[in-house]
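Q: Have a look at the structure that comes next, please.
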Amino acid sequence: MSDRSAPTWPAEYGGEPGWWQRVRSTYADHETTLDLFECQIGLEGGKALVERGLPSLRQLTNLYLGADDWDKRNRIGPEGATALATQGLPHVTQLTSLNLCHNYIGDEGAQALATQGLPHVTLLTSLDLRDNRIRSEGAAALATQGLPHVTQLTSLYLGGNGVGDEGAFTQVLGLNRERNRIGPEGAQALATQGLSHVTQLTSLDLGGNYIGPEGAQALATQGLSHVTQLTSLDLRGNYIGDEGAQALATQGLPHVTLLTSLDLRDNRIGDESAQALATQGLPH
């Protein structure tokens, strides 16, 4: 199939699914957004998209493959994310927004995106990888090998990649035990090696990742000073405790004076640390 031919569903995958009509209409109408949000495309659909769809849609600036409804997830998984990175994204170099939330891409998929996908989409301003079972290895790959290629990024969503098996803490937050976590190591990699490349960032979501006090300290002392344009920071459900909160109040938040939204719910922060956040950390 030539780059300009209409996208055709591969016969070897059986009958054409209803959602493929969106691919064909995006091509026919020269649209710049392909919205496959909550289409349940699965791994097979993901492969068909990168093999037969994206090569014909070089005009795309927005690609939505995520989901909010758990029952309608696309579930392309690590294999689908790897195919997207290696075969799909090289065709859509004008992309500015990529949404892959709730796809269970894991560390393997995150690493593929970082090393083989993001280098092709350098105009990206929004990257949504929430709820994907990404652990510290995947987060580190994104920080060190992916973010240096997307320096125009303004929104990075890595929330909901899990809190692990923290017993009552997990139950209180109502989070899925099957999700993994970015953890302290991933947060440290992001703070020390990733954020310095995305200095235009205005929104950072790391909620529900159990980064702990160590991760919060790394963000405070080595990360937030690089993203002074930040207006929204979500660290809810990370068990940062008083130690992490104090570090944020005294060393991190003073750098982000444009901040208008800060979510620190469910972090076991005591009254004294909360007071420090209010008086020393938050802009007045």
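In the structure tokens, chains take letters A, B, ... by order of appearance, with residues numbered from 1 within each chain and ligands from 1 in the order shown.
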When you look at region 182-188 of chain A with a cut-off of 10 Å (counting only C-alpha atoms), what residues show up, excluding the ones that are within fewer than 3 positions of it in the same chain? I need them as an MDAnalysis selection string.
A: chainID A and resid 107 133:143 158:164 191:194 206 208:219 222:223 238 240
Q: Give the strand (DSSP E or B) residues of region 16-191 of chain A, as DSSP finds them on the backbone, and put them as a ChimeraX atom specification.
A: /A:33-35,62-64,97-99,126-128,155-157
Q: For Ile105 (chain A), which residue out of A:Val50, A:Glu12, A:Val92, A:Leu43 is the nearest one, using only C-alpha atoms?
A: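 Closest to Ile105 (chain A), using only C-alpha atoms: A:Leu43.
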Q: Check the smallest atom-to-atom distance from each of A:Glu79, A:Glu38, A:Asp131, A:Asp29 to Leu60 (chain A) using only C-alpha atoms, then report the winner.
A: A:Asp29
Q: Please list as a ChimeraX atom specification every residue within 7 Å of Thr202 (chain A), counting only C-alpha atoms and excluding residues in the same chain fewer than 5 positions away.
A: /A:154-155,229-232
Q: Could those selected residues go to a file with N, CA, C and O atoms, as a PDB file, in the first residue's frame?
A:
ATOM      1  N   THR A 154       4.085  20.077  27.264  1.00  0.00           N
ATOM      2  CA  THR A 154       3.507  20.920  28.311  1.00  0.00           C
ATOM      3  C   THR A 154       2.675  20.115  29.299  1.00  0.00           C
ATOM      4  O   THR A 154       2.446  20.567  30.417  1.00  0.00           O
ATOM      5  N   SER A 155       2.215  18.927  28.901  1.00  0.00           N
ATOM      6  CA  SER A 155       1.391  18.094  29.790  1.00  0.00           C
ATOM      7  C   SER A 155       1.918  16.663  29.779  1.00  0.00           C
ATOM      8  O   SER A 155       2.018  16.044  28.718  1.00  0.00           O
ATOM      9  N   GLN A 229       7.207  26.742  34.899  1.00  0.00           N
ATOM     10  CA  GLN A 229       5.939  27.162  34.291  1.00  0.00           C
ATOM     11  C   GLN A 229       4.766  26.317  34.770  1.00  0.00           C
ATOM     12  O   GLN A 229       3.627  26.525  34.356  1.00  0.00           O
ATOM     13  N   LEU A 230       5.037  25.366  35.661  1.00  0.00           N
ATOM     14  CA  LEU A 230       4.013  24.435  36.120  1.00  0.00           C
ATOM     15  C   LEU A 230       2.828  25.155  36.771  1.00  0.00           C
ATOM     16  O   LEU A 230       3.004  26.010  37.628  1.00  0.00           O
ATOM     17  N   THR A 231       1.627  24.785  36.336  1.00  0.00           N
ATOM     18  CA  THR A 231       0.411  25.331  36.940  1.00  0.00           C
ATOM     19  C   THR A 231      -0.398  24.253  37.652  1.00  0.00           C
ATOM     20  O   THR A 231      -1.240  24.567  38.493  1.00  0.00           O
ATOM     21  N   SER A 232      -0.167  22.974  37.318  1.00  0.00           N
ATOM     22  CA  SER A 232      -0.912  21.882  37.935  1.00  0.00           C
ATOM     23  C   SER A 232       0.039  20.739  38.287  1.00  0.00           C
ATOM     24  O   SER A 232       0.769  20.244  37.434  1.00  0.00           O
TER      25      SER A 232
END
Q: What does the distance between CA of Thr260 (chain A) and CA of Thr228 (chain A) come to in Å, to one decimal place?
A: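 Value for the CA of Thr260 (chain A)-CA of Thr228 (chain A) distance: 12.4 Å.
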Q: Which value, in Å to one decimal, gives the distance between CA of Leu84 (chain A) and CA of Asp234 (chain A)?
A: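 Separation of CA of Leu84 (chain A) and CA of Asp234 (chain A): 27.7 Å.
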Q: Hey, what's within 7 Å of region 277-282 of chain A if we count only C-alpha atoms and toss same-chain stuff fewer than 3 positions away? As a list of chain:residue names, please?
A: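 Neighbouring residues, sequence-local ones excluded: A:Leu248, A:Ala249, A:Thr250, A:Leu253, A:Pro254, A:Ser273, A:Ala274.
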Q: Mind dumping the selected residues with all heavy atoms as a PDB file, in the first residue's frame?
A:
ATOM      1  N   LEU A 248       8.885  19.371  49.856  1.00  0.00           N
ATOM      2  CA  LEU A 248       8.137  20.111  48.855  1.00  0.00           C
ATOM      3  C   LEU A 248       7.910  21.559  49.302  1.00  0.00           C
ATOM      4  O   LEU A 248       8.076  22.493  48.520  1.00  0.00           O
ATOM      5  CB  LEU A 248       6.783  19.434  48.603  1.00  0.00           C
ATOM      6  CG  LEU A 248       6.793  18.166  47.760  1.00  0.00           C
ATOM      7  CD1 LEU A 248       5.414  17.528  47.769  1.00  0.00           C
ATOM      8  CD2 LEU A 248       7.216  18.463  46.322  1.00  0.00           C
ATOM      9  N   ALA A 249       7.536  21.722  50.567  1.00  0.00           N
ATOM     10  CA  ALA A 249       7.220  23.051  51.073  1.00  0.00           C
ATOM     11  C   ALA A 249       8.423  23.980  51.042  1.00  0.00           C
ATOM     12  O   ALA A 249       8.309  25.160  50.652  1.00  0.00           O
ATOM     13  CB  ALA A 249       6.681  22.944  52.501  1.00  0.00           C
ATOM     14  N   THR A 250       9.589  23.474  51.452  1.00  0.00           N
ATOM     15  CA  THR A 250      10.747  24.351  51.614  1.00  0.00           C
ATOM     16  C   THR A 250      11.664  24.404  50.396  1.00  0.00           C
ATOM     17  O   THR A 250      12.345  25.406  50.170  1.00  0.00           O
ATOM     18  CB  THR A 250      11.579  23.892  52.828  1.00  0.00           C
ATOM     19  OG1 THR A 250      12.009  22.532  52.624  1.00  0.00           O
ATOM     20  CG2 THR A 250      10.751  23.965  54.103  1.00  0.00           C
ATOM     21  N   LEU A 253       8.223  23.677  46.050  1.00  0.00           N
ATOM     22  CA  LEU A 253       7.143  24.563  45.630  1.00  0.00           C
ATOM     23  C   LEU A 253       7.559  26.028  45.449  1.00  0.00           C
ATOM     24  O   LEU A 253       6.953  26.728  44.621  1.00  0.00           O
ATOM     25  CB  LEU A 253       5.976  24.462  46.618  1.00  0.00           C
ATOM     26  CG  LEU A 253       5.301  23.081  46.675  1.00  0.00           C
ATOM     27  CD1 LEU A 253       4.126  23.100  47.648  1.00  0.00           C
ATOM     28  CD2 LEU A 253       4.835  22.640  45.287  1.00  0.00           C
ATOM     29  N   PRO A 254       8.565  26.515  46.163  1.00  0.00           N
ATOM     30  CA  PRO A 254       8.987  27.894  45.904  1.00  0.00           C
ATOM     31  C   PRO A 254       9.435  28.137  44.471  1.00  0.00           C
ATOM     32  O   PRO A 254       9.478  29.288  44.019  1.00  0.00           O
ATOM     33  CB  PRO A 254      10.152  28.084  46.891  1.00  0.00           C
ATOM     34  CG  PRO A 254       9.817  27.184  48.034  1.00  0.00           C
ATOM     35  CD  PRO A 254       9.214  25.961  47.381  1.00  0.00           C
ATOM     36  N   SER A 273       3.254  19.525  58.881  1.00  0.00           N
ATOM     37  CA  SER A 273       3.718  19.575  57.489  1.00  0.00           C
ATOM     38  C   SER A 273       2.706  20.288  56.610  1.00  0.00           C
ATOM     39  O   SER A 273       3.081  21.014  55.673  1.00  0.00           O
ATOM     40  CB  SER A 273       3.962  18.158  56.965  1.00  0.00           C
ATOM     41  OG  SER A 273       4.974  17.515  57.705  1.00  0.00           O
ATOM     42  N   ALA A 274       1.423  20.074  56.897  1.00  0.00           N
ATOM     43  CA  ALA A 274       0.382  20.777  56.148  1.00  0.00           C
ATOM     44  C   ALA A 274       0.499  22.286  56.343  1.00  0.00           C
ATOM     45  O   ALA A 274       0.322  23.067  55.394  1.00  0.00           O
ATOM     46  CB  ALA A 274      -0.998  20.283  56.565  1.00  0.00           C
TER      47      ALA A 274
END
Q: Between A:Tyr239, A:His120, A:Thr86, A:Phe37, which has the minimum distance to Asp69 (chain A) (counting only C-alpha atoms)?
A: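 Among the listed residues, the smallest separation from Asp69 (chain A) belongs to A:Phe37.
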Q: Which residue out of A:Thr32, A:Thr82, A:Gln145, A:Gln40 has the minimum interatomic distance to Trp20 (chain A) when only C-alpha atoms are used?
A: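 Nearest candidate to Trp20 (chain A) out of A:Thr32, A:Thr82, A:Gln145, A:Gln40: A:Gln40.
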Q: Tell me which of A:Arg75, A:His30, A:Arg181, A:Arg58 sits closest to Val121 (chain A), counting only C-alpha atoms.
A: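 The shortest atom-to-atom distance to Val121 (chain A) comes from A:Arg58.
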Q: Identify, on the basis of only C-alpha atoms, every residue whose closest approach to Asp68 (chain A) does not exceed 8 Å; exclude the query and any residue fewer than 5 positions from it along the same chain; express the result as a list in words.
A: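 My list of contacting residues is Glu38, Arg73, Cys101 and His102 of chain A.
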Q: Out of region 130-224 of chain A, which residues get alpha helix (DSSP H) from DSSP, as a PDB file with N, CA, C and O atoms, in the first residue's frame?
A:
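Final file, states_26.pdb:
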ATOM      1  N   SER A 136       9.285   1.415  37.681  1.00  0.00           N
ATOM      2  CA  SER A 136      10.434   2.315  37.705  1.00  0.00           C
ATOM      3  C   SER A 136      11.285   2.199  36.447  1.00  0.00           C
ATOM      4  O   SER A 136      11.822   3.189  35.956  1.00  0.00           O
ATOM      5  N   GLU A 137      11.410   0.974  35.901  1.00  0.00           N
ATOM      6  CA  GLU A 137      12.236   0.801  34.702  1.00  0.00           C
ATOM      7  C   GLU A 137      11.663   1.575  33.511  1.00  0.00           C
ATOM      8  O   GLU A 137      12.400   2.227  32.762  1.00  0.00           O
ATOM      9  N   GLY A 138      10.344   1.487  33.351  1.00  0.00           N
ATOM     10  CA  GLY A 138       9.705   2.213  32.258  1.00  0.00           C
ATOM     11  C   GLY A 138       9.767   3.711  32.454  1.00  0.00           C
ATOM     12  O   GLY A 138      10.005   4.468  31.499  1.00  0.00           O
ATOM     13  N   ALA A 139       9.565   4.155  33.711  1.00  0.00           N
ATOM     14  CA  ALA A 139       9.630   5.589  34.002  1.00  0.00           C
ATOM     15  C   ALA A 139      11.027   6.122  33.762  1.00  0.00           C
ATOM     16  O   ALA A 139      11.206   7.229  33.235  1.00  0.00           O
ATOM     17  N   ALA A 140      12.037   5.328  34.137  1.00  0.00           N
ATOM     18  CA  ALA A 140      13.420   5.758  33.937  1.00  0.00           C
ATOM     19  C   ALA A 140      13.740   5.875  32.452  1.00  0.00           C
ATOM     20  O   ALA A 140      14.431   6.809  32.025  1.00  0.00           O
ATOM     21  N   ALA A 141      13.243   4.933  31.658  1.00  0.00           N
ATOM     22  CA  ALA A 141      13.469   4.987  30.211  1.00  0.00           C
ATOM     23  C   ALA A 141      12.831   6.233  29.614  1.00  0.00           C
ATOM     24  O   ALA A 141      13.424   6.914  28.769  1.00  0.00           O
ATOM     25  N   ALA A 168      -3.327  -1.800  53.705  1.00  0.00           N
ATOM     26  CA  ALA A 168      -4.427  -0.902  54.041  1.00  0.00           C
ATOM     27  C   ALA A 168      -4.365   0.379  53.229  1.00  0.00           C
ATOM     28  O   ALA A 168      -5.388   0.948  52.878  1.00  0.00           O
ATOM     29  N   PHE A 169      -3.147   0.837  52.917  1.00  0.00           N
ATOM     30  CA  PHE A 169      -3.002   2.069  52.137  1.00  0.00           C
ATOM     31  C   PHE A 169      -3.669   1.916  50.780  1.00  0.00           C
ATOM     32  O   PHE A 169      -4.390   2.777  50.310  1.00  0.00           O
ATOM     33  N   THR A 170      -3.451   0.756  50.152  1.00  0.00           N
ATOM     34  CA  THR A 170      -4.075   0.484  48.862  1.00  0.00           C
ATOM     35  C   THR A 170      -5.587   0.457  49.008  1.00  0.00           C
ATOM     36  O   THR A 170      -6.314   0.990  48.170  1.00  0.00           O
ATOM     37  N   GLN A 171      -6.071  -0.161  50.060  1.00  0.00           N
ATOM     38  CA  GLN A 171      -7.517  -0.294  50.240  1.00  0.00           C
ATOM     39  C   GLN A 171      -8.170   1.057  50.481  1.00  0.00           C
ATOM     40  O   GLN A 171      -9.254   1.340  49.966  1.00  0.00           O
ATOM     41  N   VAL A 172      -7.518   1.894  51.285  1.00  0.00           N
ATOM     42  CA  VAL A 172      -8.067   3.213  51.576  1.00  0.00           C
ATOM     43  C   VAL A 172      -8.233   4.023  50.305  1.00  0.00           C
ATOM     44  O   VAL A 172      -9.237   4.695  50.091  1.00  0.00           O
ATOM     45  N   LEU A 173      -7.231   3.946  49.406  1.00  0.00           N
ATOM     46  CA  LEU A 173      -7.275   4.728  48.182  1.00  0.00           C
ATOM     47  C   LEU A 173      -8.213   4.146  47.140  1.00  0.00           C
ATOM     48  O   LEU A 173      -8.539   4.788  46.159  1.00  0.00           O
ATOM     49  N   GLY A 183       7.129   4.252  41.564  1.00  0.00           N
ATOM     50  CA  GLY A 183       7.962   4.136  42.745  1.00  0.00           C
ATOM     51  C   GLY A 183       8.993   5.237  42.899  1.00  0.00           C
ATOM     52  O   GLY A 183       9.139   6.124  42.051  1.00  0.00           O
ATOM     53  N   PRO A 184       9.748   5.191  44.015  1.00  0.00           N
ATOM     54  CA  PRO A 184      10.763   6.215  44.284  1.00  0.00           C
ATOM     55  C   PRO A 184      11.824   6.300  43.199  1.00  0.00           C
ATOM     56  O   PRO A 184      12.238   7.396  42.814  1.00  0.00           O
ATOM     57  N   GLU A 185      12.270   5.134  42.697  1.00  0.00           N
ATOM     58  CA  GLU A 185      13.337   5.138  41.695  1.00  0.00           C
ATOM     59  C   GLU A 185      12.899   5.835  40.411  1.00  0.00           C
ATOM     60  O   GLU A 185      13.659   6.607  39.806  1.00  0.00           O
ATOM     61  N   GLY A 186      11.671   5.544  39.975  1.00  0.00           N
ATOM     62  CA  GLY A 186      11.163   6.180  38.767  1.00  0.00           C
ATOM     63  C   GLY A 186      11.007   7.678  38.939  1.00  0.00           C
ATOM     64  O   GLY A 186      11.320   8.461  38.030  1.00  0.00           O
ATOM     65  N   ALA A 187      10.515   8.086  40.118  1.00  0.00           N
ATOM     66  CA  ALA A 187      10.353   9.513  40.392  1.00  0.00           C
ATOM     67  C   ALA A 187      11.700  10.209  40.432  1.00  0.00           C
ATOM     68  O   ALA A 187      11.849  11.345  39.954  1.00  0.00           O
ATOM     69  N   GLN A 188      12.699   9.537  41.009  1.00  0.00           N
ATOM     70  CA  GLN A 188      14.037  10.127  41.063  1.00  0.00           C
ATOM     71  C   GLN A 188      14.622  10.300  39.667  1.00  0.00           C
ATOM     72  O   GLN A 188      15.251  11.313  39.363  1.00  0.00           O
ATOM     73  N   ALA A 189      14.417   9.297  38.806  1.00  0.00           N
ATOM     74  CA  ALA A 189      14.913   9.401  37.429  1.00  0.00           C
ATOM     75  C   ALA A 189      14.233  10.548  36.705  1.00  0.00           C
ATOM     76  O   ALA A 189      14.874  11.321  35.970  1.00  0.00           O
ATOM     77  N   GLY A 212       6.712   7.769  47.408  1.00  0.00           N
ATOM     78  CA  GLY A 212       7.258   7.823  48.754  1.00  0.00           C
ATOM     79  C   GLY A 212       7.996   9.110  49.068  1.00  0.00           C
ATOM     80  O   GLY A 212       8.128  10.006  48.222  1.00  0.00           O
ATOM     81  N   PRO A 213       8.533   9.207  50.304  1.00  0.00           N
ATOM     82  CA  PRO A 213       9.287  10.397  50.702  1.00  0.00           C
ATOM     83  C   PRO A 213      10.491  10.648  49.815  1.00  0.00           C
ATOM     84  O   PRO A 213      10.801  11.794  49.485  1.00  0.00           O
ATOM     85  N   GLU A 214      11.181   9.553  49.406  1.00  0.00           N
ATOM     86  CA  GLU A 214      12.385   9.711  48.589  1.00  0.00           C
ATOM     87  C   GLU A 214      12.063  10.334  47.231  1.00  0.00           C
ATOM     88  O   GLU A 214      12.783  11.214  46.749  1.00  0.00           O
ATOM     89  N   GLY A 215      10.987   9.856  46.620  1.00  0.00           N
ATOM     90  CA  GLY A 215      10.594  10.408  45.331  1.00  0.00           C
ATOM     91  C   GLY A 215      10.176  11.861  45.441  1.00  0.00           C
ATOM     92  O   GLY A 215      10.512  12.685  44.576  1.00  0.00           O
ATOM     93  N   ALA A 216       9.427  12.182  46.500  1.00  0.00           N
ATOM     94  CA  ALA A 216       8.994  13.565  46.703  1.00  0.00           C
ATOM     95  C   ALA A 216      10.183  14.477  46.949  1.00  0.00           C
ATOM     96  O   ALA A 216      10.228  15.615  46.451  1.00  0.00           O
ATOM     97  N   GLN A 217      11.158  13.993  47.706  1.00  0.00           N
ATOM     98  CA  GLN A 217      12.355  14.796  47.964  1.00  0.00           C
ATOM     99  C   GLN A 217      13.130  15.052  46.678  1.00  0.00           C
ATOM    100  O   GLN A 217      13.649  16.154  46.461  1.00  0.00           O
ATOM    101  N   ALA A 218      13.227  14.030  45.844  1.00  0.00           N
ATOM    102  CA  ALA A 218      13.934  14.201  44.568  1.00  0.00           C
ATOM    103  C   ALA A 218      13.242  15.240  43.695  1.00  0.00           C
ATOM    104  O   ALA A 218      13.890  16.097  43.088  1.00  0.00           O
TER     105      ALA A 218
END
Q: Using CA of Asn74 (chain A) and CA of Asn132 (chain A) as the two end points, give the distance in Å to one decimal.
A: 11.5 Å
Q: Please identify all polymer residues within 12 Å of Leu201 (chain A), counting only C-alpha atoms, omitting same-chain residues fewer than 5 positions from it, and present them as a VMD selection string.
A: chain A and resid 124 to 127 147 150 to 157 194 to 196 223 to 233 256 258 to 259
Q: Okay, now the selection with N, CA, C and O atoms, as a short mmCIF file (atom, residue, chain, number, x, y, z; two decimals), in the first residue's frame?
A:
data_model
loop_
_atom_site.label_atom_id
_atom_site.label_comp_id
_atom_site.auth_asym_id
_atom_site.auth_seq_id
_atom_site.Cartn_x
_atom_site.Cartn_y
_atom_site.Cartn_z
N LEU A 124 5.48 16.92 20.07
CA LEU A 124 4.49 16.52 21.08
C LEU A 124 4.42 17.53 22.22
O LEU A 124 5.45 17.94 22.77
N THR A 125 3.19 17.91 22.56
CA THR A 125 2.98 18.80 23.71
C THR A 125 2.21 18.12 24.83
O THR A 125 2.25 18.58 25.97
N SER A 126 1.50 17.02 24.53
CA SER A 126 0.73 16.31 25.55
C SER A 126 0.92 14.81 25.40
O SER A 126 0.72 14.25 24.32
N LEU A 127 1.31 14.16 26.51
CA LEU A 127 1.53 12.71 26.53
C LEU A 127 0.81 12.13 27.73
O LEU A 127 1.12 12.47 28.88
N LEU A 147 11.97 11.72 27.06
CA LEU A 147 11.69 13.15 27.24
C LEU A 147 12.71 14.07 26.56
O LEU A 147 12.33 15.16 26.12
N VAL A 150 11.20 15.27 23.33
CA VAL A 150 9.92 16.00 23.26
C VAL A 150 10.00 17.23 24.16
O VAL A 150 9.26 17.37 25.13
N THR A 151 10.88 18.12 23.81
CA THR A 151 11.16 19.28 24.65
C THR A 151 10.04 20.32 24.66
O THR A 151 10.08 21.25 25.46
N GLN A 152 9.06 20.17 23.76
CA GLN A 152 7.94 21.11 23.75
C GLN A 152 6.77 20.62 24.61
O GLN A 152 5.71 21.26 24.64
N LEU A 153 6.94 19.52 25.30
CA LEU A 153 5.88 18.94 26.11
C LEU A 153 5.40 19.92 27.18
O LEU A 153 6.21 20.52 27.89
N THR A 154 4.08 20.08 27.26
CA THR A 154 3.51 20.92 28.31
C THR A 154 2.68 20.12 29.30
O THR A 154 2.45 20.57 30.42
N SER A 155 2.22 18.93 28.90
CA SER A 155 1.39 18.09 29.79
C SER A 155 1.92 16.66 29.78
O SER A 155 2.02 16.04 28.72
N LEU A 156 2.22 16.14 30.98
CA LEU A 156 2.71 14.77 31.12
C LEU A 156 1.89 14.07 32.19
O LEU A 156 1.90 14.49 33.36
N TYR A 157 1.17 13.03 31.79
CA TYR A 157 0.30 12.30 32.71
C TYR A 157 0.81 10.88 32.91
O TYR A 157 0.76 10.06 32.01
N GLY A 194 14.87 13.69 33.71
CA GLY A 194 13.80 13.91 32.75
C GLY A 194 13.28 15.33 32.67
O GLY A 194 13.17 15.90 31.58
N LEU A 195 12.95 15.93 33.81
CA LEU A 195 12.27 17.22 33.80
C LEU A 195 13.12 18.34 33.22
O LEU A 195 12.58 19.33 32.72
N SER A 196 14.42 18.21 33.27
CA SER A 196 15.28 19.26 32.73
C SER A 196 15.12 19.40 31.22
O SER A 196 15.50 20.43 30.64
N GLY A 223 13.94 18.36 40.77
CA GLY A 223 13.04 18.33 39.62
C GLY A 223 12.27 19.61 39.36
O GLY A 223 12.30 20.15 38.25
N LEU A 224 11.59 20.13 40.37
CA LEU A 224 10.67 21.24 40.15
C LEU A 224 11.36 22.52 39.73
O LEU A 224 10.74 23.37 39.08
N SER A 225 12.62 22.67 40.05
CA SER A 225 13.34 23.89 39.64
C SER A 225 13.46 24.00 38.13
O SER A 225 13.72 25.08 37.60
N HIS A 226 13.27 22.87 37.42
CA HIS A 226 13.37 22.87 35.96
C HIS A 226 12.04 23.22 35.28
O HIS A 226 12.02 23.55 34.11
N VAL A 227 10.94 23.09 36.02
CA VAL A 227 9.61 23.27 35.40
C VAL A 227 8.89 24.43 36.09
O VAL A 227 7.82 24.27 36.68
N THR A 228 9.44 25.58 35.97
CA THR A 228 8.91 26.75 36.67
C THR A 228 7.61 27.28 36.07
O THR A 228 6.97 28.15 36.67
N GLN A 229 7.21 26.74 34.90
CA GLN A 229 5.94 27.16 34.29
C GLN A 229 4.77 26.32 34.77
O GLN A 229 3.63 26.52 34.36
N LEU A 230 5.04 25.37 35.66
CA LEU A 230 4.01 24.44 36.12
C LEU A 230 2.83 25.15 36.77
O LEU A 230 3.00 26.01 37.63
N THR A 231 1.63 24.79 36.34
CA THR A 231 0.41 25.33 36.94
C THR A 231 -0.40 24.25 37.65
O THR A 231 -1.24 24.57 38.49
N SER A 232 -0.17 22.97 37.32
CA SER A 232 -0.91 21.88 37.93
C SER A 232 0.04 20.74 38.29
O SER A 232 0.77 20.24 37.43
N LEU A 233 0.00 20.31 39.56
CA LEU A 233 0.83 19.21 40.04
C LEU A 233 -0.03 18.25 40.85
O LEU A 233 -0.62 18.63 41.85
N VAL A 256 7.81 26.90 41.79
CA VAL A 256 6.67 26.86 40.87
C VAL A 256 5.61 27.86 41.32
O VAL A 256 4.51 27.50 41.76
N LEU A 258 3.76 29.76 39.68
CA LEU A 258 2.56 29.89 38.85
C LEU A 258 1.53 28.81 39.16
O LEU A 258 0.46 28.78 38.57
N LEU A 259 1.84 27.95 40.11
CA LEU A 259 0.97 26.81 40.43
C LEU A 259 -0.41 27.28 40.90
O LEU A 259 -0.53 28.13 41.77
#
